[in-house]
Amino acid sequence: MCAARAVAAEHGVRSSEPRVLQDGVNVVVHLAPAPVVARVATLTPLLRTLPLRSFAREVAVAGALAAAGAPVVPPSDLLPPGPHRYAGLELSFWRHVEVLPSAPSSGAAAAALAELHGHLVALPVDGAPLDTPLDDLARFVSLGGAWGAAPAQLDRLGDRLAELRPRLAGEVVPLHGDAHPGNLLATPDGWRWTDLEDTCAGPRAWDLACLRSTSRLDGRAALDAIGGPSDAELAPWLELRRLHATAWRTVLAVGHSERRAAPLQGPTASSRAVEGRGVLF
């Protein structure tokens, strides 16, 4: 919180009533009374190297989408959105929006994702396909032993990733990267996507697997509403989603000892996924 207030103050935005909106892998702070929200990378660097490619991409992609009229929460226009560095932390700034106490139905979530994809397709492709989840998992294979994963489990994970990669083929387009309904906010202006920190390029099946895997609504009904692929067709993507979520849940537990991570159980691991990587479900 101190880092967010300090950087904002350097740009003329002062906060007398800051409040934490979320404390997970990142800390998200509303710098009230200013209509500015700061996202501060606290645990994210455990699995992602600095400077954070994910923060820079998120600001760039969300800014381009907002300029095109896409249904996203835009970066702040009261100060440079960043990413910024302060006291060893990376942070970005976003426009504060009123969030209504409503959750999307399966059909609404699917329609909102289809609309977002319609805007994303106009953006340039950046990076290697699926570099966000695949790079995260490769780094977890290297570092997971320090977080309690057994060497044999990490070896199996590495082997399974090598087997999965050839099955993750398809047309490469820009993606949200973490397209579950927890990142879809009800606002007075309609549904708005947020948290594009995992944005990457890849087949749309990755975003569809994120929506299918959610525990917040009937993901199968959501995909059916837009004529999405069957679970059998999504199988490798669903497995990648489970593995990615388990890795991040382990990272979350490192920084929040009150939250216990389920042990990594290899490619058939079944866990309640980390959606948005800051919240356990």
# chains A, B, ... in the order shown; residues from 1 in each chain; ligands from 1

$ residues_around --residues "A:Leu134" --least-positions-apart "5" --cutoff "9 Å" --atoms "only C-alpha atoms" --output "NGL selection string"
:A and (129 or 139 or 161 or 165 or 240 or 244)

$ residues_around --residues "A:Val29" --least-positions-apart "2" --cutoff "9 Å" --atoms "only C-alpha atoms" --output "list in words"
Met1, Ala4, Pro18, Arg19, Val20, Leu21, Gln22, Asp23, Val27, Leu31, Ala32, Val36, Val37, Ala38, Arg39 and Val40 of chain A

$ write_last_selection --atoms "all heavy atoms" --output "compact mmCIF listing (two decimals), in the first residue's frame"
# COMPACT_ATOMS: atom_id res chain seq x y z
N MET A 1 0.82 -1.19 0.00
CA MET A 1 0.00 0.00 0.00
C MET A 1 0.87 1.26 0.00
O MET A 1 0.57 2.23 -0.69
CB MET A 1 -0.95 -0.01 1.19
CG MET A 1 -1.94 1.14 1.17
SD MET A 1 -3.06 1.17 2.59
CE MET A 1 -3.97 -0.33 2.37
N ALA A 4 2.20 1.97 -3.48
CA ALA A 4 1.17 2.51 -4.37
C ALA A 4 0.92 3.98 -4.07
O ALA A 4 0.83 4.81 -4.99
CB ALA A 4 -0.11 1.70 -4.22
N PRO A 18 -6.93 4.93 1.57
CA PRO A 18 -6.70 3.73 0.75
C PRO A 18 -7.33 2.51 1.39
O PRO A 18 -7.41 2.40 2.61
CB PRO A 18 -5.17 3.62 0.72
CG PRO A 18 -4.74 4.25 2.01
CD PRO A 18 -5.70 5.39 2.23
N ARG A 19 -7.78 1.60 0.56
CA ARG A 19 -8.30 0.35 1.10
C ARG A 19 -7.92 -0.81 0.19
O ARG A 19 -7.93 -0.68 -1.04
CB ARG A 19 -9.82 0.40 1.30
CG ARG A 19 -10.67 0.43 0.10
CD ARG A 19 -12.13 0.62 0.46
NE ARG A 19 -12.97 0.72 -0.73
CZ ARG A 19 -13.62 -0.30 -1.26
NH1 ARG A 19 -13.55 -1.49 -0.70
NH2 ARG A 19 -14.35 -0.14 -2.35
N VAL A 20 -7.57 -1.90 0.82
CA VAL A 20 -7.16 -3.09 0.08
C VAL A 20 -8.39 -3.80 -0.46
O VAL A 20 -9.31 -4.15 0.30
CB VAL A 20 -6.34 -4.04 0.99
CG1 VAL A 20 -6.04 -5.34 0.26
CG2 VAL A 20 -5.04 -3.37 1.43
N LEU A 21 -8.41 -4.02 -1.75
CA LEU A 21 -9.51 -4.74 -2.39
C LEU A 21 -9.22 -6.23 -2.45
O LEU A 21 -10.14 -7.04 -2.44
CB LEU A 21 -9.74 -4.21 -3.80
CG LEU A 21 -10.06 -2.72 -3.94
CD1 LEU A 21 -10.23 -2.35 -5.41
CD2 LEU A 21 -11.31 -2.36 -3.15
N GLN A 22 -7.94 -6.58 -2.54
CA GLN A 22 -7.56 -7.99 -2.64
C GLN A 22 -6.11 -8.14 -2.20
O GLN A 22 -5.26 -7.31 -2.50
CB GLN A 22 -7.70 -8.49 -4.07
CG GLN A 22 -7.35 -9.96 -4.27
CD GLN A 22 -7.55 -10.41 -5.70
OE1 GLN A 22 -8.34 -9.83 -6.45
NE2 GLN A 22 -6.84 -11.43 -6.09
N ASP A 23 -5.84 -9.20 -1.47
CA ASP A 23 -4.48 -9.51 -1.04
C ASP A 23 -4.22 -10.97 -1.35
O ASP A 23 -4.59 -11.86 -0.59
CB ASP A 23 -4.31 -9.23 0.46
CG ASP A 23 -2.89 -9.52 0.94
OD1 ASP A 23 -2.02 -9.80 0.09
OD2 ASP A 23 -2.66 -9.45 2.15
N VAL A 27 -1.28 -7.47 -4.49
CA VAL A 27 -2.14 -6.66 -3.61
C VAL A 27 -2.79 -5.59 -4.48
O VAL A 27 -2.11 -4.88 -5.24
CB VAL A 27 -1.34 -6.00 -2.48
CG1 VAL A 27 -2.21 -5.04 -1.69
CG2 VAL A 27 -0.78 -7.07 -1.55
N LEU A 31 -7.03 3.60 -4.23
CA LEU A 31 -6.41 4.79 -3.65
C LEU A 31 -7.44 5.89 -3.44
O LEU A 31 -7.34 7.00 -3.94
CB LEU A 31 -5.27 5.27 -4.54
CG LEU A 31 -4.11 4.28 -4.70
CD1 LEU A 31 -3.09 4.80 -5.69
CD2 LEU A 31 -3.45 4.01 -3.35
N ALA A 32 -8.46 5.56 -2.68
CA ALA A 32 -9.55 6.50 -2.41
C ALA A 32 -9.02 7.75 -1.69
O ALA A 32 -8.06 7.66 -0.91
CB ALA A 32 -10.62 5.80 -1.57
N VAL A 36 -8.64 5.64 -8.63
CA VAL A 36 -7.46 4.93 -9.10
C VAL A 36 -7.29 3.66 -8.29
O VAL A 36 -7.44 3.67 -7.06
CB VAL A 36 -6.19 5.80 -8.97
CG1 VAL A 36 -4.94 5.00 -9.36
CG2 VAL A 36 -6.31 7.06 -9.82
N VAL A 37 -6.98 2.57 -8.96
CA VAL A 37 -6.67 1.30 -8.32
C VAL A 37 -5.25 0.91 -8.68
O VAL A 37 -4.85 0.98 -9.85
CB VAL A 37 -7.66 0.19 -8.77
CG1 VAL A 37 -7.20 -1.18 -8.29
CG2 VAL A 37 -9.06 0.49 -8.25
N ALA A 38 -4.48 0.53 -7.69
CA ALA A 38 -3.10 0.09 -7.90
C ALA A 38 -3.03 -1.43 -7.77
O ALA A 38 -3.65 -2.02 -6.88
CB ALA A 38 -2.16 0.73 -6.89
N ARG A 39 -2.28 -2.05 -8.67
CA ARG A 39 -1.99 -3.48 -8.57
C ARG A 39 -0.49 -3.60 -8.25
O ARG A 39 0.34 -3.15 -9.05
CB ARG A 39 -2.32 -4.20 -9.87
CG ARG A 39 -2.05 -5.71 -9.82
CD ARG A 39 -2.14 -6.32 -11.21
NE ARG A 39 -3.45 -6.17 -11.78
CZ ARG A 39 -4.44 -7.05 -11.62
NH1 ARG A 39 -4.24 -8.14 -10.90
NH2 ARG A 39 -5.61 -6.86 -12.18
N VAL A 40 -0.16 -4.17 -7.12
CA VAL A 40 1.23 -4.27 -6.67
C VAL A 40 1.65 -5.73 -6.67
O VAL A 40 1.01 -6.57 -6.03
CB VAL A 40 1.40 -3.67 -5.25
CG1 VAL A 40 2.86 -3.67 -4.85
CG2 VAL A 40 0.81 -2.26 -5.18

$ residues_around --residues "A:Pro203" --least-positions-apart "4" --cutoff "9 Å" --atoms "only C-alpha atoms" --output "short mmCIF file (atom, residue, chain, number, x, y, z; two decimals) with N, CA, C and O atoms, in the first residue's frame"
data_model
loop_
_atom_site.label_atom_id
_atom_site.label_comp_id
_atom_site.auth_asym_id
_atom_site.auth_seq_id
_atom_site.Cartn_x
_atom_site.Cartn_y
_atom_site.Cartn_z
N PRO A 129 3.56 -18.69 -28.55
CA PRO A 129 2.24 -19.20 -28.16
C PRO A 129 2.23 -19.76 -26.74
O PRO A 129 3.11 -20.54 -26.36
N LEU A 130 1.27 -19.32 -25.95
CA LEU A 130 1.04 -19.80 -24.59
C LEU A 130 2.26 -19.63 -23.70
O LEU A 130 2.48 -20.41 -22.77
N LEU A 168 -1.20 -28.78 -28.06
CA LEU A 168 -1.75 -27.45 -27.81
C LEU A 168 -1.66 -26.59 -29.07
O LEU A 168 -1.27 -25.43 -29.03
N ALA A 169 -2.04 -27.18 -30.18
CA ALA A 169 -1.90 -26.50 -31.47
C ALA A 169 -3.20 -25.79 -31.84
O ALA A 169 -4.27 -26.09 -31.33
N GLY A 170 -3.08 -24.85 -32.77
CA GLY A 170 -4.24 -24.13 -33.28
C GLY A 170 -3.85 -22.74 -33.73
O GLY A 170 -2.69 -22.34 -33.59
N GLU A 171 -4.81 -22.04 -34.30
CA GLU A 171 -4.55 -20.67 -34.76
C GLU A 171 -4.14 -19.80 -33.58
O GLU A 171 -4.80 -19.79 -32.54
N VAL A 172 -3.07 -19.05 -33.74
CA VAL A 172 -2.54 -18.23 -32.66
C VAL A 172 -3.12 -16.82 -32.77
O VAL A 172 -2.94 -16.13 -33.77
N VAL A 173 -3.83 -16.42 -31.72
CA VAL A 173 -4.46 -15.10 -31.65
C VAL A 173 -4.24 -14.55 -30.24
O VAL A 173 -3.92 -15.29 -29.31
N PRO A 174 -4.39 -13.24 -30.03
CA PRO A 174 -4.28 -12.70 -28.67
C PRO A 174 -5.41 -13.23 -27.78
O PRO A 174 -6.54 -13.41 -28.23
N LEU A 175 -5.08 -13.47 -26.52
CA LEU A 175 -6.02 -14.05 -25.56
C LEU A 175 -6.09 -13.21 -24.28
O LEU A 175 -5.17 -12.47 -23.97
N ASP A 207 -8.42 -19.88 -23.52
CA ASP A 207 -9.42 -19.07 -22.83
C ASP A 207 -10.68 -19.89 -22.56
O ASP A 207 -11.31 -19.75 -21.50
#

$ residues_around --residues "A:Ala247" --least-positions-apart "3" --cutoff "8 Å" --atoms "only C-alpha atoms" --output "PyMOL selection string"
chain A and resi 137+140+243-244+250-251+264

$ write_last_selection --atoms "C-alpha atoms" --output "compact mmCIF listing (two decimals), in the first residue's frame"
# COMPACT_ATOMS: atom_id res chain seq x y z
CA LEU A 137 5.17 -24.08 -15.30
CA PHE A 140 7.81 -24.08 -11.27
CA LEU A 243 -1.48 -27.79 -13.66
CA HIS A 244 -1.10 -24.03 -13.98
CA THR A 250 1.51 -23.41 -4.25
CA VAL A 251 3.02 -19.95 -4.74
CA LEU A 264 1.20 -31.38 -6.80

$ atom_distance --atom1 "atom CA of A:Ala8" --atom2 "atom CA of A:Leu79"
7.2 Å

$ closest_atom_pairs --of "stretch 30-137 of chain A" --to "stretch 216-228 of chain A" --cutoff "12 Å" --atoms "only C-alpha atoms" --output "Markdown table"
| residue | atom | partner | partner_atom | distance |
| --- | --- | --- | --- | --- |
| A:Ala103 | CA | A:Arg216 | CA | 8.6 |
| A:Pro104 | CA | A:Leu217 | CA | 8.2 |
| A:Ser105 | CA | A:Leu217 | CA | 6.9 |
| A:Ser106 | CA | A:Ala222 | CA | 4.4 |
| A:Gly107 | CA | A:Ala222 | CA | 5.3 |
| A:Ala108 | CA | A:Ala222 | CA | 8.0 |
| A:Ala109 | CA | A:Ala222 | CA | 6.8 |
| A:Ala110 | CA | A:Ala222 | CA | 5.2 |
| A:Ala111 | CA | A:Ile226 | CA | 7.2 |
| A:Ala112 | CA | A:Ala222 | CA | 10.5 |
| A:Leu113 | CA | A:Ile226 | CA | 9.7 |
| A:Ala114 | CA | A:Ile226 | CA | 7.8 |
| A:Glu115 | CA | A:Ile226 | CA | 11.0 |

$ write_last_selection --atoms "C-alpha atoms" --output "PDB file, in the first residue's frame"
ATOM      1  CA  ALA A 103     -22.429 -12.472 -11.050  1.00  0.00           C
ATOM      2  CA  PRO A 104     -22.744 -13.413 -14.721  1.00  0.00           C
ATOM      3  CA  SER A 105     -24.813 -16.324 -15.886  1.00  0.00           C
ATOM      4  CA  SER A 106     -23.165 -18.984 -18.018  1.00  0.00           C
ATOM      5  CA  GLY A 107     -24.599 -17.420 -21.153  1.00  0.00           C
ATOM      6  CA  ALA A 108     -23.579 -13.888 -20.181  1.00  0.00           C
ATOM      7  CA  ALA A 109     -20.012 -14.951 -19.418  1.00  0.00           C
ATOM      8  CA  ALA A 110     -19.715 -16.781 -22.722  1.00  0.00           C
ATOM      9  CA  ALA A 111     -21.144 -13.855 -24.671  1.00  0.00           C
ATOM     10  CA  ALA A 112     -18.780 -11.435 -22.932  1.00  0.00           C
ATOM     11  CA  LEU A 113     -15.794 -13.634 -23.792  1.00  0.00           C
ATOM     12  CA  ALA A 114     -16.878 -13.887 -27.417  1.00  0.00           C
ATOM     13  CA  GLU A 115     -17.182 -10.095 -27.562  1.00  0.00           C
TER      14      GLU A 115
END

$ closest_atom_pairs --of "stretch 111-150 of chain A" --to "stretch 50-63 of chain A" --cutoff "9 Å" --atoms "only C-alpha atoms" --output "Markdown table"
| residue | atom | partner | partner_atom | distance |
| --- | --- | --- | --- | --- |
| A:Leu120 | CA | A:Val61 | CA | 8.5 |
| A:Leu123 | CA | A:Val61 | CA | 8.1 |
| A:Asp126 | CA | A:Arg57 | CA | 8.7 |
| A:Thr132 | CA | A:Ser54 | CA | 7.9 |

$ write_last_selection --atoms "C-alpha atoms" --output "PDB file, in the first residue's frame"
ATOM      1  CA  LEU A 120      -8.576  -9.035 -29.312  1.00  0.00           C
ATOM      2  CA  LEU A 123      -4.400  -6.670 -31.905  1.00  0.00           C
ATOM      3  CA  ASP A 126       3.026 -10.791 -29.013  1.00  0.00           C
ATOM      4  CA  THR A 132       2.479 -17.306 -19.964  1.00  0.00           C
TER       5      THR A 132
END

$ select_by_dssp --residues "stretch 65-154 of chain A" --states "helix (DSSP H, G or I)" --output "PyMOL selection string"
chain A and resi 65-67+106-120+131-147+151-154

$ atom_distance --atom1 "atom CA of A:Arg212" --atom2 "atom CA of A:Trp191"
18.6 Å

$ closest_residue --among "A:Thr246, A:Ala209, A:Ala186, A:Ser215" --to "A:Ser230" --atoms "only C-alpha atoms"
A:Ala209

$ decode --residues "stretch 39-76 of chain A" --atoms "N, CA and C atoms" --output "tab-separated table (two decimals), in the first residue's frame"
chain	number	residue	atom	x	y	z
A	39	ARG	N	-2.28	-2.05	-8.67
A	39	ARG	CA	-1.99	-3.48	-8.57
A	39	ARG	C	-0.49	-3.60	-8.25
A	40	VAL	N	-0.16	-4.17	-7.12
A	40	VAL	CA	1.23	-4.27	-6.67
A	40	VAL	C	1.65	-5.73	-6.67
A	41	ALA	N	2.72	-6.03	-7.38
A	41	ALA	CA	3.20	-7.42	-7.48
A	41	ALA	C	3.97	-7.78	-6.22
A	42	THR	N	3.36	-8.58	-5.38
A	42	THR	CA	4.01	-8.99	-4.14
A	42	THR	C	4.57	-10.41	-4.26
A	43	LEU	N	3.71	-11.38	-4.53
A	43	LEU	CA	4.18	-12.76	-4.67
A	43	LEU	C	4.45	-13.16	-6.11
A	44	THR	N	3.94	-12.42	-7.07
A	44	THR	CA	4.12	-12.77	-8.47
A	44	THR	C	5.58	-13.02	-8.85
A	45	PRO	N	6.54	-12.21	-8.36
A	45	PRO	CA	7.94	-12.45	-8.76
A	45	PRO	C	8.52	-13.77	-8.26
A	46	LEU	N	7.83	-14.47	-7.38
A	46	LEU	CA	8.31	-15.79	-7.00
A	46	LEU	C	8.34	-16.73	-8.19
A	47	LEU	N	7.40	-16.55	-9.11
A	47	LEU	CA	7.32	-17.44	-10.27
A	47	LEU	C	7.63	-16.74	-11.59
A	48	ARG	N	7.68	-15.41	-11.56
A	48	ARG	CA	7.97	-14.65	-12.78
A	48	ARG	C	9.12	-13.69	-12.51
A	49	THR	N	10.05	-13.64	-13.44
A	49	THR	CA	11.25	-12.82	-13.24
A	49	THR	C	10.95	-11.35	-13.50
A	50	LEU	N	11.69	-10.51	-12.80
A	50	LEU	CA	11.59	-9.06	-12.99
A	50	LEU	C	12.51	-8.61	-14.12
A	51	PRO	N	12.13	-7.58	-14.90
A	51	PRO	CA	10.84	-6.88	-14.85
A	51	PRO	C	9.72	-7.78	-15.36
A	52	LEU	N	8.54	-7.58	-14.83
A	52	LEU	CA	7.43	-8.47	-15.12
A	52	LEU	C	6.88	-8.22	-16.53
A	53	ARG	N	7.09	-9.18	-17.40
A	53	ARG	CA	6.50	-9.12	-18.73
A	53	ARG	C	4.98	-9.05	-18.63
A	54	SER	N	4.42	-9.74	-17.65
A	54	SER	CA	2.98	-9.81	-17.52
A	54	SER	C	2.37	-8.45	-17.21
A	55	PHE	N	3.01	-7.64	-16.36
A	55	PHE	CA	2.47	-6.32	-16.05
A	55	PHE	C	2.53	-5.41	-17.27
A	56	ALA	N	3.65	-5.45	-17.99
A	56	ALA	CA	3.77	-4.59	-19.17
A	56	ALA	C	2.77	-4.97	-20.24
A	57	ARG	N	2.59	-6.26	-20.46
A	57	ARG	CA	1.61	-6.71	-21.45
A	57	ARG	C	0.20	-6.30	-21.06
A	58	GLU	N	-0.12	-6.48	-19.79
A	58	GLU	CA	-1.47	-6.18	-19.33
A	58	GLU	C	-1.82	-4.72	-19.60
A	59	VAL	N	-0.92	-3.81	-19.25
A	59	VAL	CA	-1.19	-2.39	-19.47
A	59	VAL	C	-1.34	-2.10	-20.96
A	60	ALA	N	-0.45	-2.66	-21.78
A	60	ALA	CA	-0.50	-2.40	-23.22
A	60	ALA	C	-1.77	-2.95	-23.85
A	61	VAL	N	-2.11	-4.19	-23.53
A	61	VAL	CA	-3.28	-4.82	-24.15
A	61	VAL	C	-4.56	-4.17	-23.65
A	62	ALA	N	-4.69	-3.94	-22.35
A	62	ALA	CA	-5.90	-3.32	-21.82
A	62	ALA	C	-6.06	-1.91	-22.36
A	63	GLY	N	-4.95	-1.17	-22.51
A	63	GLY	CA	-5.03	0.17	-23.06
A	63	GLY	C	-5.52	0.16	-24.50
A	64	ALA	N	-5.00	-0.76	-25.31
A	64	ALA	CA	-5.43	-0.86	-26.71
A	64	ALA	C	-6.89	-1.29	-26.80
A	65	LEU	N	-7.30	-2.21	-25.96
A	65	LEU	CA	-8.69	-2.66	-25.98
A	65	LEU	C	-9.63	-1.54	-25.56
A	66	ALA	N	-9.27	-0.81	-24.50
A	66	ALA	CA	-10.12	0.28	-24.03
A	66	ALA	C	-10.26	1.35	-25.11
A	67	ALA	N	-9.16	1.66	-25.80
A	67	ALA	CA	-9.20	2.67	-26.86
A	67	ALA	C	-10.10	2.24	-28.01
A	68	ALA	N	-10.24	0.92	-28.20
A	68	ALA	CA	-11.09	0.40	-29.26
A	68	ALA	C	-12.53	0.20	-28.83
A	69	GLY	N	-12.84	0.55	-27.58
A	69	GLY	CA	-14.20	0.41	-27.09
A	69	GLY	C	-14.54	-0.97	-26.58
A	70	ALA	N	-13.55	-1.79	-26.30
A	70	ALA	CA	-13.80	-3.13	-25.79
A	70	ALA	C	-14.26	-3.08	-24.33
A	71	PRO	N	-14.98	-4.11	-23.88
A	71	PRO	CA	-15.51	-4.12	-22.52
A	71	PRO	C	-14.45	-4.54	-21.50
A	72	VAL	N	-13.52	-3.62	-21.21
A	72	VAL	CA	-12.46	-3.89	-20.25
A	72	VAL	C	-12.36	-2.73	-19.27
A	73	VAL	N	-11.77	-3.01	-18.11
A	73	VAL	CA	-11.41	-1.94	-17.18
A	73	VAL	C	-10.13	-1.31	-17.72
A	74	PRO	N	-10.13	-0.01	-17.99
A	74	PRO	CA	-8.96	0.61	-18.63
A	74	PRO	C	-7.87	0.98	-17.63
A	75	PRO	N	-6.66	1.13	-18.13
A	75	PRO	CA	-5.60	1.69	-17.29
A	75	PRO	C	-5.97	3.10	-16.85
A	76	SER	N	-5.35	3.57	-15.79
A	76	SER	CA	-5.64	4.90	-15.27
A	76	SER	C	-5.27	5.98	-16.28
